[in-house]
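Raw contents of model_29.cif, mmCIF, C-alpha atoms, pLDDT in the B column; chains and numbers go by the auth columns:
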```
data_model
#
loop_
_atom_site.group_PDB
_atom_site.id
_atom_site.type_symbol
_atom_site.label_atom_id
_atom_site.label_comp_id
_atom_site.label_asym_id
_atom_site.label_seq_id
_atom_site.Cartn_x
_atom_site.Cartn_y
_atom_site.Cartn_z
_atom_site.B_iso_or_equiv
_atom_site.auth_seq_id
_atom_site.auth_asym_id
ATOM 1 C CA MET A 1 31.982 -36.762 -39.137 54.00 1 L
ATOM 2 C CA MET A 2 29.875 -35.711 -36.167 60.00 2 L
ATOM 3 C CA THR A 3 27.530 -33.443 -38.102 69.00 3 L
ATOM 4 C CA LYS A 4 25.372 -36.229 -39.561 70.00 4 L
ATOM 5 C CA PRO A 5 24.554 -37.979 -36.223 71.00 5 L
ATOM 6 C CA LEU A 6 24.020 -34.576 -34.575 67.00 6 L
ATOM 7 C CA PHE A 7 21.610 -33.591 -37.360 67.00 7 L
ATOM 8 C CA TYR A 8 19.620 -36.832 -36.909 68.00 8 L
ATOM 9 C CA ILE A 9 19.457 -36.389 -33.129 71.00 9 L
ATOM 10 C CA LEU A 10 18.179 -32.832 -33.520 68.00 10 L
ATOM 11 C CA ALA A 11 15.614 -33.886 -36.149 68.00 11 L
ATOM 12 C CA VAL A 12 14.283 -36.688 -33.943 68.00 12 L
ATOM 13 C CA GLY A 13 14.212 -34.332 -30.936 67.00 13 L
ATOM 14 C CA LEU A 14 12.173 -31.769 -32.851 63.00 14 L
ATOM 15 C CA ALA A 15 9.774 -34.427 -34.109 64.00 15 L
ATOM 16 C CA LEU A 16 9.247 -35.776 -30.591 61.00 16 L
ATOM 17 C CA ALA A 17 8.779 -32.297 -29.121 61.00 17 L
ATOM 18 C CA GLY A 18 5.340 -32.222 -30.700 61.00 18 L
ATOM 19 C CA CYS A 19 4.353 -35.395 -28.842 60.00 19 L
ATOM 20 C CA ASN A 20 2.542 -34.635 -25.598 58.00 20 L
ATOM 21 C CA ARG A 21 4.481 -37.057 -23.378 59.00 21 L
ATOM 22 C CA MET A 22 7.862 -36.169 -24.832 57.00 22 L
ATOM 23 C CA ASN A 23 7.296 -32.393 -24.719 58.00 23 L
ATOM 24 C CA PRO A 24 9.291 -30.927 -21.782 60.00 24 L
ATOM 25 C CA GLY A 25 6.687 -28.166 -21.493 60.00 25 L
ATOM 26 C CA THR A 26 4.138 -30.683 -20.178 60.00 26 L
ATOM 27 C CA TRP A 27 6.376 -32.564 -17.754 58.00 27 L
ATOM 28 C CA LEU A 28 5.610 -30.435 -14.696 59.00 28 L
ATOM 29 C CA ASN A 29 1.825 -30.517 -14.983 57.00 29 L
ATOM 30 C CA GLY A 30 1.493 -34.295 -15.236 54.00 30 L
ATOM 31 C CA GLY A 31 1.218 -34.380 -19.016 49.00 31 L
ATOM 32 C CA ALA A 32 -2.064 -32.503 -19.088 55.00 32 L
ATOM 33 C CA ASP A 33 -2.684 -30.211 -21.979 55.00 33 L
ATOM 34 C CA SER A 34 -2.036 -26.533 -21.528 56.00 34 L
ATOM 35 C CA PRO A 35 -5.009 -24.546 -20.236 56.00 35 L
ATOM 36 C CA ARG A 36 -7.232 -23.161 -22.932 56.00 36 L
ATOM 37 C CA PRO A 37 -8.546 -19.588 -22.849 55.00 37 L
ATOM 38 C CA GLU A 38 -12.097 -20.797 -22.150 57.00 38 L
ATOM 39 C CA ASP A 39 -10.774 -22.645 -19.044 54.00 39 L
ATOM 40 C CA ALA A 40 -9.092 -19.535 -17.652 52.00 40 L
ATOM 41 C CA PRO A 41 -10.637 -17.783 -14.649 54.00 41 L
ATOM 42 C CA PRO A 42 -12.218 -14.383 -15.244 55.00 42 L
ATOM 43 C CA ALA A 43 -9.595 -11.653 -15.465 53.00 43 L
ATOM 44 C CA ALA A 44 -11.540 -9.095 -13.440 53.00 44 L
ATOM 45 C CA ALA A 45 -12.211 -11.224 -10.360 55.00 45 L
ATOM 46 C CA VAL A 46 -12.368 -8.931 -7.338 61.00 46 L
ATOM 47 C CA VAL A 47 -11.527 -10.300 -3.915 71.00 47 L
ATOM 48 C CA VAL A 48 -12.981 -8.419 -0.952 84.00 48 L
ATOM 49 C CA ASP A 49 -10.966 -8.613 2.263 88.00 49 L
ATOM 50 C CA THR A 50 -13.424 -8.997 5.141 90.00 50 L
ATOM 51 C CA ARG A 51 -10.876 -9.016 7.961 93.00 51 L
ATOM 52 C CA PRO A 52 -11.378 -6.148 10.414 95.00 52 L
ATOM 53 C CA LEU A 53 -9.152 -3.088 10.490 96.00 53 L
ATOM 54 C CA ILE A 54 -6.479 -3.004 13.165 95.00 54 L
ATOM 55 C CA ALA A 55 -7.452 -0.758 16.102 95.00 55 L
ATOM 56 C CA GLN A 56 -4.722 1.889 15.811 96.00 56 L
ATOM 57 C CA VAL A 57 -1.959 2.655 13.314 97.00 57 L
ATOM 58 C CA GLN A 58 1.192 3.830 15.115 97.00 58 L
ATOM 59 C CA SER A 59 3.741 4.459 12.368 96.00 59 L
ATOM 60 C CA VAL A 60 4.305 4.264 8.612 97.00 60 L
ATOM 61 C CA SER A 61 7.578 4.190 6.702 96.00 61 L
ATOM 62 C CA ILE A 62 8.283 4.094 2.972 96.00 62 L
ATOM 63 C CA ALA A 63 11.511 2.608 1.596 96.00 63 L
ATOM 64 C CA PRO A 64 12.253 3.134 -2.105 94.00 64 L
ATOM 65 C CA THR A 65 13.247 0.077 -4.150 94.00 65 L
ATOM 66 C CA PRO A 66 14.386 -0.294 -7.785 94.00 66 L
ATOM 67 C CA THR A 67 10.879 -1.468 -8.729 94.00 67 L
ATOM 68 C CA GLY A 68 8.840 0.963 -6.590 94.00 68 L
ATOM 69 C CA ALA A 69 8.620 1.147 -2.803 95.00 69 L
ATOM 70 C CA ILE A 70 7.975 -0.928 0.289 95.00 70 L
ATOM 71 C CA VAL A 71 5.426 0.505 2.699 96.00 71 L
ATOM 72 C CA ARG A 72 5.763 -0.730 6.292 97.00 72 L
ATOM 73 C CA ALA A 73 3.283 0.019 9.065 97.00 73 L
ATOM 74 C CA SER A 74 2.999 -0.876 12.717 97.00 74 L
ATOM 75 C CA GLY A 75 -0.046 -0.717 14.924 96.00 75 L
ATOM 76 C CA ILE A 76 -1.878 -2.002 17.954 95.00 76 L
ATOM 77 C CA ALA A 77 -4.778 -4.456 17.864 91.00 77 L
ATOM 78 C CA ALA A 78 -7.838 -4.200 20.099 87.00 78 L
ATOM 79 C CA ALA A 79 -6.875 -7.401 21.950 87.00 79 L
ATOM 80 C CA PRO A 80 -3.922 -9.806 22.112 88.00 80 L
ATOM 81 C CA GLY A 81 -3.432 -12.599 19.598 87.00 81 L
ATOM 82 C CA TRP A 82 -4.265 -10.922 16.269 89.00 82 L
ATOM 83 C CA TYR A 83 -2.361 -12.433 13.328 90.00 83 L
ATOM 84 C CA GLY A 84 -2.114 -12.523 9.529 92.00 84 L
ATOM 85 C CA SER A 85 -1.832 -8.775 9.075 95.00 85 L
ATOM 86 C CA SER A 86 -1.496 -7.085 5.713 95.00 86 L
ATOM 87 C CA LEU A 87 -1.856 -3.722 4.025 96.00 87 L
ATOM 88 C CA VAL A 88 -4.704 -3.900 1.519 95.00 88 L
ATOM 89 C CA ALA A 89 -4.620 -1.303 -1.262 93.00 89 L
ATOM 90 C CA THR A 90 -7.688 0.573 -2.429 92.00 90 L
ATOM 91 C CA PRO A 91 -7.856 2.438 -5.764 91.00 91 L
ATOM 92 C CA VAL A 92 -5.845 5.665 -5.981 92.00 92 L
ATOM 93 C CA GLN A 93 -8.074 8.733 -5.622 93.00 93 L
ATOM 94 C CA ASP A 94 -6.913 12.338 -6.131 93.00 94 L
ATOM 95 C CA GLY A 95 -3.238 11.371 -5.805 93.00 95 L
ATOM 96 C CA THR A 96 -3.772 9.463 -2.540 95.00 96 L
ATOM 97 C CA LEU A 97 -3.149 5.743 -2.192 95.00 97 L
ATOM 98 C CA THR A 98 -5.019 4.349 0.818 96.00 98 L
ATOM 99 C CA LEU A 99 -3.838 1.128 2.420 96.00 99 L
ATOM 100 C CA GLU A 100 -6.170 -0.554 4.888 96.00 100 L
ATOM 101 C CA PHE A 101 -4.321 -2.217 7.794 97.00 101 L
ATOM 102 C CA ARG A 102 -6.265 -5.484 8.160 95.00 102 L
ATOM 103 C CA SER A 103 -5.666 -8.392 10.504 95.00 103 L
ATOM 104 C CA THR A 104 -7.334 -11.613 11.667 93.00 104 L
ATOM 105 C CA PRO A 105 -8.677 -11.643 15.223 91.00 105 L
ATOM 106 C CA PRO A 106 -7.823 -14.589 17.474 88.00 106 L
ATOM 107 C CA GLU A 107 -10.285 -17.406 18.064 85.00 107 L
ATOM 108 C CA SER A 108 -9.325 -17.438 21.738 78.00 108 L
ATOM 109 C CA THR A 109 -7.082 -15.185 23.767 69.00 109 L
ATOM 110 C CA LYS A 110 -4.293 -16.963 25.617 73.00 110 L
ATOM 111 C CA SER A 111 -2.116 -13.946 26.267 70.00 111 L
ATOM 112 C CA THR A 112 -2.836 -10.752 28.139 75.00 112 L
ATOM 113 C CA VAL A 113 -0.063 -8.738 26.488 78.00 113 L
ATOM 114 C CA ILE A 114 -0.959 -6.660 23.441 81.00 114 L
ATOM 115 C CA GLN A 115 2.059 -6.538 21.143 84.00 115 L
ATOM 116 C CA PRO A 116 2.626 -4.260 18.156 91.00 116 L
ATOM 117 C CA ILE A 117 1.648 -5.727 14.805 94.00 117 L
ATOM 118 C CA ILE A 118 3.738 -5.040 11.714 95.00 118 L
ATOM 119 C CA ALA A 119 2.702 -5.377 8.074 96.00 119 L
ATOM 120 C CA ALA A 120 4.400 -4.409 4.835 96.00 120 L
ATOM 121 C CA THR A 121 3.585 -4.392 1.148 95.00 121 L
ATOM 122 C CA ALA A 122 5.441 -3.677 -2.078 95.00 122 L
ATOM 123 C CA ILE A 123 4.008 -0.998 -4.341 94.00 123 L
ATOM 124 C CA LYS A 124 5.109 -1.044 -7.978 94.00 124 L
ATOM 125 C CA ARG A 125 6.547 2.031 -9.631 93.00 125 L
ATOM 126 C CA ASP A 126 3.678 2.363 -12.130 92.00 126 L
ATOM 127 C CA VAL A 127 1.154 2.479 -9.240 91.00 127 L
ATOM 128 C CA LEU A 128 3.228 5.140 -7.448 91.00 128 L
ATOM 129 C CA GLN A 129 3.242 7.491 -10.431 91.00 129 L
ATOM 130 C CA GLY A 130 0.961 10.378 -9.608 89.00 130 L
ATOM 131 C CA VAL A 131 0.665 9.367 -5.924 93.00 131 L
ATOM 132 C CA ARG A 132 1.372 12.317 -3.611 95.00 132 L
ATOM 133 C CA HIS A 133 0.317 10.713 -0.315 95.00 133 L
ATOM 134 C CA ILE A 134 0.060 7.212 1.095 96.00 134 L
ATOM 135 C CA VAL A 135 -2.492 6.810 3.880 97.00 135 L
ATOM 136 C CA VAL A 136 -2.542 3.743 6.128 97.00 136 L
ATOM 137 C CA ARG A 137 -5.969 3.450 7.717 97.00 137 L
ATOM 138 C CA GLY A 138 -6.916 1.654 10.933 97.00 138 L
ATOM 139 C CA ALA A 139 -10.240 1.481 12.783 96.00 139 L
ATOM 140 C CA THR A 140 -9.676 4.595 14.915 96.00 140 L
ATOM 141 C CA ASN A 141 -7.050 6.592 13.032 97.00 141 L
ATOM 142 C CA SER A 142 -4.926 6.906 9.910 96.00 142 L
ATOM 143 C CA VAL A 143 -1.308 7.913 9.310 97.00 143 L
ATOM 144 C CA THR A 144 -0.151 9.713 6.168 96.00 144 L
ATOM 145 C CA ALA A 145 3.292 9.456 4.562 95.00 145 L
ATOM 146 C CA THR A 146 4.817 10.909 1.400 91.00 146 L
ATOM 147 C CA PRO A 147 6.583 8.639 -1.116 84.00 147 L
#
```
Let me see the file written as structure tokens.
Amino acid sequence: MMTKPLFYILAVGLALAGCNRMNPGTWLNGGADSPRPEDAPPAAAVVVDTRPLIAQVQSVSIAPTPTGAIVRASGIAAAPGWYGSSLVATPVQDGTLTLEFRSTPPESTKSTVIQPIIAATAIKRDVLQGVRHIVVRGATNSVTATP
């Protein structure tokens, strides 16, 4: 009869699951206890992106996805060597979602060729509801697209 040994194995497994070192839920974090609510970071932490805006936005495209859309933009920086570009969303106002095209300037310029910079971001479907226009803003211009 295999049911009796199987029952004992399951009973011992359940009893050991409550032990911290034997609990598979704690194996990946080194056996430390789960974080407590008082240890959690504040939920409304706001991060301000201080990178400068790219000099000029050239084009914007919007590709629908099952979960929302992907917004892709290309632009030109003020000098060669800019990197780490991204589209940073601001709160939706009057049906317009504004994305700021931000990038990190180089510490030193080794090239003399200014190349286009491309950035993209995914926008979830719930954010897109009620949005009539998506504006990608650079330092000298902005380009508007319709989702």
Padded axis-aligned box of stretch 62-81 of chain L (6 Å per side), centre and edge lengths, Å, one decimal, as lines of an AutoDock Vina configuration file:
```
center_x = 3.3
center_y = -4.3
center_z = 6.7
size_x = 34.2
size_y = 28.7
size_z = 42.8
```
Within 10 Å of L:Thr98 using all atoms listed in the file, minus same-chain residues under 4 positions, as a list in words: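 Listing them by chain and then by number gives Leu87, Val88, Ala89, Thr90, Pro91, Val92, Gln93, His133, Ile134, Val135, Val136, Arg137, Ser142, Val143 and Thr144 of chain L.
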Excluding stretch 111-114 of chain L and residues on its chain fewer than 4 positions from it, collect all residues at most 9 Å away from it, counting all atoms listed in the file, and give them as a PDB file with C-alpha atoms, keeping the file's coordinate frame.
```
ATOM      1  CA  ILE L  76      -1.878  -2.002  17.954  1.00 95.00           C
ATOM      2  CA  ALA L  77      -4.778  -4.456  17.864  1.00 91.00           C
ATOM      3  CA  ALA L  78      -7.838  -4.200  20.099  1.00 87.00           C
ATOM      4  CA  ALA L  79      -6.875  -7.401  21.950  1.00 87.00           C
ATOM      5  CA  PRO L  80      -3.922  -9.806  22.112  1.00 88.00           C
ATOM      6  CA  GLY L  81      -3.432 -12.599  19.598  1.00 87.00           C
ATOM      7  CA  TRP L  82      -4.265 -10.922  16.269  1.00 89.00           C
TER       8      TRP L  82
END
```
One decimal, Å: what's the distance from atom CA of L:Val60 over to atom CA of L:Ala120, could you say?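 According to the coordinates, atom CA of L:Val60 and atom CA of L:Ala120 are separated by 9.5 Å.
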So that I can see what lies close to L:Ser61, please list as a VMD selection string the residues with an atom at most 7 Å from it, counting all atoms listed in the file and leaving out residues fewer than 2 positions away in the same chain. chain L and resid 59 63 71 to 73
Might you spell out which residues the PyMOL selection byres ((chain L and resi 64) around 12) would select in the displayed file, as JSON, numbers by chain? {"L": [61, 62, 63, 65, 66, 67, 68, 69, 70, 71, 72, 121, 122, 123, 124, 125, 128, 146, 147]}
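Of the residues under consideration (L:Ser103, L:Pro5, L:Tyr83, L:Gly95), L:Ser103 shows the shortest atom-to-atom contact distance to L:Thr50 when counting all atoms listed in the file.
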